[in-house]
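Input: a single structure, listed below in structure tokens.
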Amino acid sequence: MWDVIVIGGGAAGFYTAIHIAEARPDLKIAILERGKEVLGKVKVSGGGRCNVTHAEFDPNELVKNYPRGEKELLGPFHSYASGDTVAFFEKKGIPLKIEEDGRMFPVSNSSQTIIDCFLNETERLGVQILRHSTVTQIEKLKDNSWRVTSIKGEYLAKKIVIATGSNPKIWKLIKKLGHTLEPAVPSLFTFNIKDKRINGIPGLSTNATVDVLERQLFNPKITIKLKSQKEKPPVLTSEGPLLITHWGMSGPAILKLSAWGAKTLHEMAYKFKIRVNWLPDYNSGAVLSFLMEIKAVEAKKTILRTKAFDIPRRLWTNLVRASHIPKDLKWADCAKVQLENLAGQLTACEFQVDGKSTFKEEFVTAGGVNLKEINFKTFESKKHEGLYFAGEVINIDAITGGFNFQNAWTGGYMVAKAITKT
């Protein structure tokens, strides 16, 4: 009889097991992992550097990075958050560093440092790692203990922790236990866009506002809308650095939309329209007024060579061309309708999104165990005593930047605290 069986050898599973074993060295603990390798997501996170957490130490601000789970994580984050994660790793001899955007990595710049830490700790604490142990059945027994069946055999346990992420086979077993699972949909992804205005300029990054539009709003001829025209609000909106790629658009502005709009964009089959304002501080009217002033002041200069705003020159060139302004046209000779077109391209630039691409190797999904079926003081199932959940198996996900791992660390800690107190 095992005291605790953790199903899933990923970040949340290891963190849970280590904290249980540290608090109660007398307990017999096993981690069941279906594959040969453990901690696969940790290995590829942050381009192989492992984005451990984020330097947001206020729980009230930290929760704002979770499209699903914001309300539920507030209490847990007051018990265990980013600062506690930093302290845990530093205690293990792994200092973390903060990058300009707030992401935190091991000073070693290698995810292997984190993997080695977890493997060393489980060995030191006597936690058994049972690889090649795909779980095929989970049963609650009459005495409130559990029987976990894997392809290698049966295990009896007093308590079990499910930390398997979005594994569909385990989700089926959880459903058999009476839990509701929200369907899994991708959460962090980039947008596939083929458009002349962003052709030939991959790697270019600039701050922008991006709106996801309702389908009927798309208009390839961009003009300034009359005040009398009523326009429906965007379905989703975000602001931040936008990165142009070989296949379309990425960067924080896009990734925020993909996280917050995971379900909405899935329902749209990843075919939708976006509107980009390359000048987030201005609207079309203000930009047109400014362009008219430039026309008066820089009359003899060509529009193409006069970059009127602080945006990358290659982008300016593409937007001028898209406004049907010849490359040798001077400001003095520019018609008002051409300036209106340019103002529209600068502030209301519409693109057709046709599909998505995975953001680096960060496979994050929205979906999982229904939040109402978990007690977030302990991360225990409300349906079964002695059944706990941690990590992405719960319907919680975050934007990119170390927040998904923080959910795993916090959940693992809360589970361990609950189990070792009973």
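Ordered as shown in the structure tokens, chains take letters A, B, and onward, while each chain numbers its residues from 1 and ligands are numbered from 1 in the order shown.
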
Please identify the strand (DSSP E or B) residues within region 103-210 of chain A (assignment by DSSP from backbone atoms) and present them as a CSV table (one decimal) with N, CA and C atoms, in the first residue's frame.
```csv
chain,number,residue,atom,x,y,z
A,103,ARG,N,10.1,37.6,-17.2
A,103,ARG,CA,10.3,36.1,-17.1
A,103,ARG,C,11.5,35.8,-16.3
A,104,MET,N,11.4,34.7,-15.6
A,104,MET,CA,12.5,34.2,-14.7
A,104,MET,C,13.0,32.9,-15.2
A,105,PHE,N,14.4,32.8,-15.3
A,105,PHE,CA,15.0,31.6,-15.7
A,105,PHE,C,16.1,31.2,-14.7
A,106,PRO,N,16.6,29.9,-14.7
A,106,PRO,CA,17.8,29.6,-13.9
A,106,PRO,C,19.0,30.4,-14.5
A,128,GLN,N,9.7,7.0,-5.4
A,128,GLN,CA,9.9,6.1,-6.5
A,128,GLN,C,9.3,6.6,-7.8
A,129,ILE,N,10.1,6.6,-8.9
A,129,ILE,CA,9.6,7.0,-10.2
A,129,ILE,C,9.5,5.7,-11.0
A,130,LEU,N,8.2,5.4,-11.4
A,130,LEU,CA,7.9,4.2,-12.1
A,130,LEU,C,7.6,4.6,-13.6
A,135,VAL,N,-1.3,4.5,-17.1
A,135,VAL,CA,-2.4,4.2,-16.2
A,135,VAL,C,-3.6,3.8,-17.1
A,136,THR,N,-4.3,2.7,-16.8
A,136,THR,CA,-5.4,2.2,-17.6
A,136,THR,C,-6.7,2.3,-16.8
A,137,GLN,N,-6.6,2.3,-15.4
A,137,GLN,CA,-7.8,2.3,-14.6
A,137,GLN,C,-7.6,3.0,-13.3
A,138,ILE,N,-8.6,3.7,-12.8
A,138,ILE,CA,-8.5,4.3,-11.4
A,138,ILE,C,-9.8,4.0,-10.7
A,139,GLU,N,-9.7,3.4,-9.6
A,139,GLU,CA,-10.9,2.9,-8.9
A,139,GLU,C,-10.9,3.4,-7.4
A,140,LYS,N,-12.0,3.9,-6.9
A,140,LYS,CA,-12.2,4.2,-5.5
A,140,LYS,C,-12.7,2.9,-4.8
A,146,TRP,N,-7.5,3.7,-2.9
A,146,TRP,CA,-7.6,3.8,-4.3
A,146,TRP,C,-6.8,2.6,-4.9
A,147,ARG,N,-7.3,2.1,-6.1
A,147,ARG,CA,-6.6,1.1,-6.9
A,147,ARG,C,-6.3,1.8,-8.2
A,148,VAL,N,-5.0,1.9,-8.5
A,148,VAL,CA,-4.5,2.4,-9.8
A,148,VAL,C,-3.9,1.3,-10.6
A,149,THR,N,-4.5,1.0,-11.8
A,149,THR,CA,-4.0,-0.1,-12.6
A,149,THR,C,-3.2,0.5,-13.8
A,150,SER,N,-1.9,0.1,-14.0
A,150,SER,CA,-1.1,0.5,-15.1
A,150,SER,C,-0.8,-0.8,-16.0
A,153,GLY,N,1.0,-3.2,-13.8
A,153,GLY,CA,0.4,-3.9,-12.6
A,153,GLY,C,-0.5,-3.0,-11.9
A,154,GLU,N,-1.0,-3.5,-10.7
A,154,GLU,CA,-1.9,-2.7,-9.8
A,154,GLU,C,-1.1,-2.1,-8.6
A,155,TYR,N,-1.6,-0.9,-8.2
A,155,TYR,CA,-1.1,-0.3,-7.1
A,155,TYR,C,-2.2,0.2,-6.2
A,156,LEU,N,-2.1,0.0,-4.9
A,156,LEU,CA,-3.1,0.5,-3.9
A,156,LEU,C,-2.5,1.7,-3.2
A,157,ALA,N,-3.3,2.7,-3.0
A,157,ALA,CA,-2.8,4.0,-2.4
A,157,ALA,C,-3.9,4.6,-1.5
A,158,LYS,N,-3.5,5.2,-0.5
A,158,LYS,CA,-4.4,5.9,0.4
A,158,LYS,C,-4.9,7.2,-0.3
A,159,LYS,N,-4.0,7.9,-1.0
A,159,LYS,CA,-4.4,9.1,-1.7
A,159,LYS,C,-3.8,9.1,-3.1
A,160,ILE,N,-4.4,9.7,-4.0
A,160,ILE,CA,-3.8,9.9,-5.4
A,160,ILE,C,-3.9,11.3,-5.8
A,161,VAL,N,-2.9,11.7,-6.6
A,161,VAL,CA,-2.8,13.0,-7.2
A,161,VAL,C,-2.7,12.8,-8.7
A,162,ILE,N,-3.6,13.5,-9.5
A,162,ILE,CA,-3.6,13.4,-10.9
A,162,ILE,C,-3.0,14.7,-11.4
A,181,LEU,N,-15.3,17.5,-17.5
A,181,LEU,CA,-14.1,18.1,-18.1
A,181,LEU,C,-14.5,19.0,-19.2
A,182,GLU,N,-13.9,20.2,-19.1
A,182,GLU,CA,-14.1,21.2,-20.2
A,182,GLU,C,-13.2,20.7,-21.4
A,183,PRO,N,-13.7,20.8,-22.6
A,183,PRO,CA,-13.0,20.3,-23.8
A,183,PRO,C,-11.6,21.0,-23.9
A,184,ALA,N,-10.6,20.2,-24.3
A,184,ALA,CA,-9.3,20.8,-24.5
A,184,ALA,C,-9.2,21.5,-25.9
A,185,VAL,N,-8.7,22.8,-25.8
A,185,VAL,CA,-8.5,23.5,-27.0
A,185,VAL,C,-7.1,24.2,-26.8
A,186,PRO,N,-6.4,24.5,-28.0
A,186,PRO,CA,-5.1,25.1,-27.8
A,186,PRO,C,-5.2,26.5,-27.2
A,189,PHE,N,-0.9,30.2,-29.2
A,189,PHE,CA,-0.5,29.9,-30.6
A,189,PHE,C,-0.3,31.3,-31.4
A,190,THR,N,0.3,31.2,-32.5
A,190,THR,CA,0.5,32.4,-33.4
A,190,THR,C,-0.5,32.3,-34.5
A,191,PHE,N,-0.6,33.4,-35.2
A,191,PHE,CA,-1.6,33.6,-36.3
A,191,PHE,C,-1.0,33.4,-37.7
A,192,ASN,N,-1.6,32.5,-38.5
A,192,ASN,CA,-1.1,32.4,-39.9
A,192,ASN,C,-1.8,33.4,-40.8
A,205,SER,N,9.5,43.9,-35.2
A,205,SER,CA,8.6,44.0,-34.0
A,205,SER,C,8.3,45.4,-33.7
A,206,THR,N,7.0,45.7,-33.4
A,206,THR,CA,6.6,47.0,-33.0
A,206,THR,C,5.4,46.9,-32.1
A,207,ASN,N,5.1,47.9,-31.3
A,207,ASN,CA,4.0,47.9,-30.4
A,207,ASN,C,2.7,48.2,-31.2
A,208,ALA,N,1.7,47.5,-30.9
A,208,ALA,CA,0.4,47.6,-31.6
A,208,ALA,C,-0.8,47.2,-30.8
A,209,THR,N,-2.0,47.7,-31.2
A,209,THR,CA,-3.2,47.2,-30.6
A,209,THR,C,-3.8,46.3,-31.7
A,210,VAL,N,-4.3,45.1,-31.2
A,210,VAL,CA,-4.9,44.1,-32.1
A,210,VAL,C,-6.3,43.8,-31.7
```

Show which residues sit within 7 Å of Gly8 (chain A), as an MDAnalysis selection string. Count only C-alpha atoms, and ignore same-chain residues fewer than 4 positions away. chainID A and resid 13 31:33 162:164

Keeping only C-alpha atoms, write the selected residues to a file as a compact mmCIF listing (two decimals), in the first residue's frame.
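File again_5.txt, as written:
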```txt
# COMPACT_ATOMS: atom_id res chain seq x y z
CA GLY A 13 3.69 15.87 -10.35
CA ILE A 31 5.23 8.87 -9.42
CA LEU A 32 3.74 6.93 -12.33
CA GLU A 33 4.95 8.15 -15.75
CA ILE A 162 -3.57 13.41 -10.93
CA ALA A 163 -1.06 15.72 -12.64
CA THR A 164 -1.18 14.51 -16.24
```

Check which residues of region 360-413 of chain A sit at most 10 Å from region 254-257 of chain A using only C-alpha atoms, and return one row each with the closest pair of atoms and their distance in Å to one decimal, ordered by chain and rising number, as a Markdown table.
```
| residue | atom | partner | partner_atom | distance |
| --- | --- | --- | --- | --- |
| A:Ala398 | CA | A:Lys256 | CA | 9.0 |
| A:Ile399 | CA | A:Lys256 | CA | 5.9 |
| A:Thr400 | CA | A:Leu255 | CA | 7.2 |
```

Long-range neighbours of Met249 (chain A) as a ChimeraX atom specification, 12 Å cut-off, only C-alpha atoms, 5 positions minimum in chain: /A:189-195,197-199,201-206,208,210,241-244,254-255,257-258,274,276,351-359

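For the residues A:Asn341, A:Ser381, A:Thr410, A:Asn120, ranking by smallest atom-to-atom distance to Leu291 (chain A) using only C-alpha atoms places A:Asn341 first.
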
Can you pull out the residues contacting Thr317 (chain A)? Cut-off 12 Å, using only C-alpha atoms, and skip same-chain residues under 6 positions away; I want them as JSON, numbers by chain. {"A": [196, 197, 198, 199, 200, 201, 302, 303, 304, 305, 306, 307, 308, 309, 311, 323, 324, 325, 326, 327, 342, 345, 346]}

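Residue nearest Gly411 (chain A) within the list A:Pro312, A:Gly102, A:Pro67, A:Gly75: A:Gly75 [criterion: smallest interatomic distance, only C-alpha atoms].
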
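Nearest residue to Asn51 (chain A), choosing from A:Ser79, A:Asn65, A:Asn277, A:Asn404 and counting only C-alpha atoms: A:Asn404.
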
Can you tell me, as a count of residues only, which residues in region 86-304 of chain A count as helix (DSSP H, G or I) by DSSP? 65

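A straight line drawn from CA of His266 (chain A) to CA of Ser187 (chain A) is 9.3 Å long.
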
Excluding same-chain residues fewer than 3 positions from Val38 (chain A), what lies within 8 Å of it counting only C-alpha atoms, as JSON, numbers by chain? {"A": [9, 10, 33, 35]}

CA of Glu61 (chain A) to CA of Leu74 (chain A), straight-line distance in Å: 9.4 Å

Near Ile18 (chain A), within 8 Å and counting only C-alpha atoms, which residues show up once chain neighbours fewer than 2 positions away are dropped, as a PyMOL selection string? chain A and resi 14-16+20-22+118+121-122+125+127

Take the selection from the previous step and output its residues with N, CA and C atoms, as a PDB file, in the first residue's frame.
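Written out: selection-v3.pdb:
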```pdb
ATOM      1  N   PHE A  14       6.074  16.212 -10.026  1.00  0.00           N
ATOM      2  CA  PHE A  14       7.333  16.180  -9.269  1.00  0.00           C
ATOM      3  C   PHE A  14       7.299  17.169  -8.107  1.00  0.00           C
ATOM      4  N   TYR A  15       6.781  18.372  -8.368  1.00  0.00           N
ATOM      5  CA  TYR A  15       6.753  19.392  -7.312  1.00  0.00           C
ATOM      6  C   TYR A  15       5.888  18.932  -6.144  1.00  0.00           C
ATOM      7  N   THR A  16       4.769  18.277  -6.472  1.00  0.00           N
ATOM      8  CA  THR A  16       3.880  17.738  -5.435  1.00  0.00           C
ATOM      9  C   THR A  16       4.594  16.677  -4.614  1.00  0.00           C
ATOM     10  N   ILE A  20       5.581  16.767  -0.586  1.00  0.00           N
ATOM     11  CA  ILE A  20       5.011  15.790   0.343  1.00  0.00           C
ATOM     12  C   ILE A  20       6.134  15.081   1.089  1.00  0.00           C
ATOM     13  N   ALA A  21       7.135  14.634   0.340  1.00  0.00           N
ATOM     14  CA  ALA A  21       8.241  13.868   0.936  1.00  0.00           C
ATOM     15  C   ALA A  21       9.071  14.710   1.900  1.00  0.00           C
ATOM     16  N   GLU A  22       9.222  15.986   1.606  1.00  0.00           N
ATOM     17  CA  GLU A  22       9.980  16.863   2.515  1.00  0.00           C
ATOM     18  C   GLU A  22       9.245  17.040   3.843  1.00  0.00           C
ATOM     19  N   PHE A 118      15.034  18.196  -9.691  1.00  0.00           N
ATOM     20  CA  PHE A 118      13.880  17.351  -9.349  1.00  0.00           C
ATOM     21  C   PHE A 118      14.277  15.878  -9.216  1.00  0.00           C
ATOM     22  N   GLU A 121      16.293  15.424  -6.017  1.00  0.00           N
ATOM     23  CA  GLU A 121      15.453  15.548  -4.828  1.00  0.00           C
ATOM     24  C   GLU A 121      14.585  14.299  -4.614  1.00  0.00           C
ATOM     25  N   THR A 122      13.987  13.790  -5.691  1.00  0.00           N
ATOM     26  CA  THR A 122      13.153  12.590  -5.527  1.00  0.00           C
ATOM     27  C   THR A 122      13.995  11.401  -5.083  1.00  0.00           C
ATOM     28  N   LEU A 125      14.911  11.894  -1.399  1.00  0.00           N
ATOM     29  CA  LEU A 125      13.756  11.756  -0.507  1.00  0.00           C
ATOM     30  C   LEU A 125      13.089  10.372  -0.585  1.00  0.00           C
ATOM     31  N   VAL A 127      11.444   9.045  -3.177  1.00  0.00           N
ATOM     32  CA  VAL A 127      10.248   8.961  -4.017  1.00  0.00           C
ATOM     33  C   VAL A 127      10.544   8.019  -5.189  1.00  0.00           C
TER      34      VAL A 127
END
```

By how many Å are CA of Ile294 (chain A) and CA of Arg321 (chain A) apart? 17.9 Å
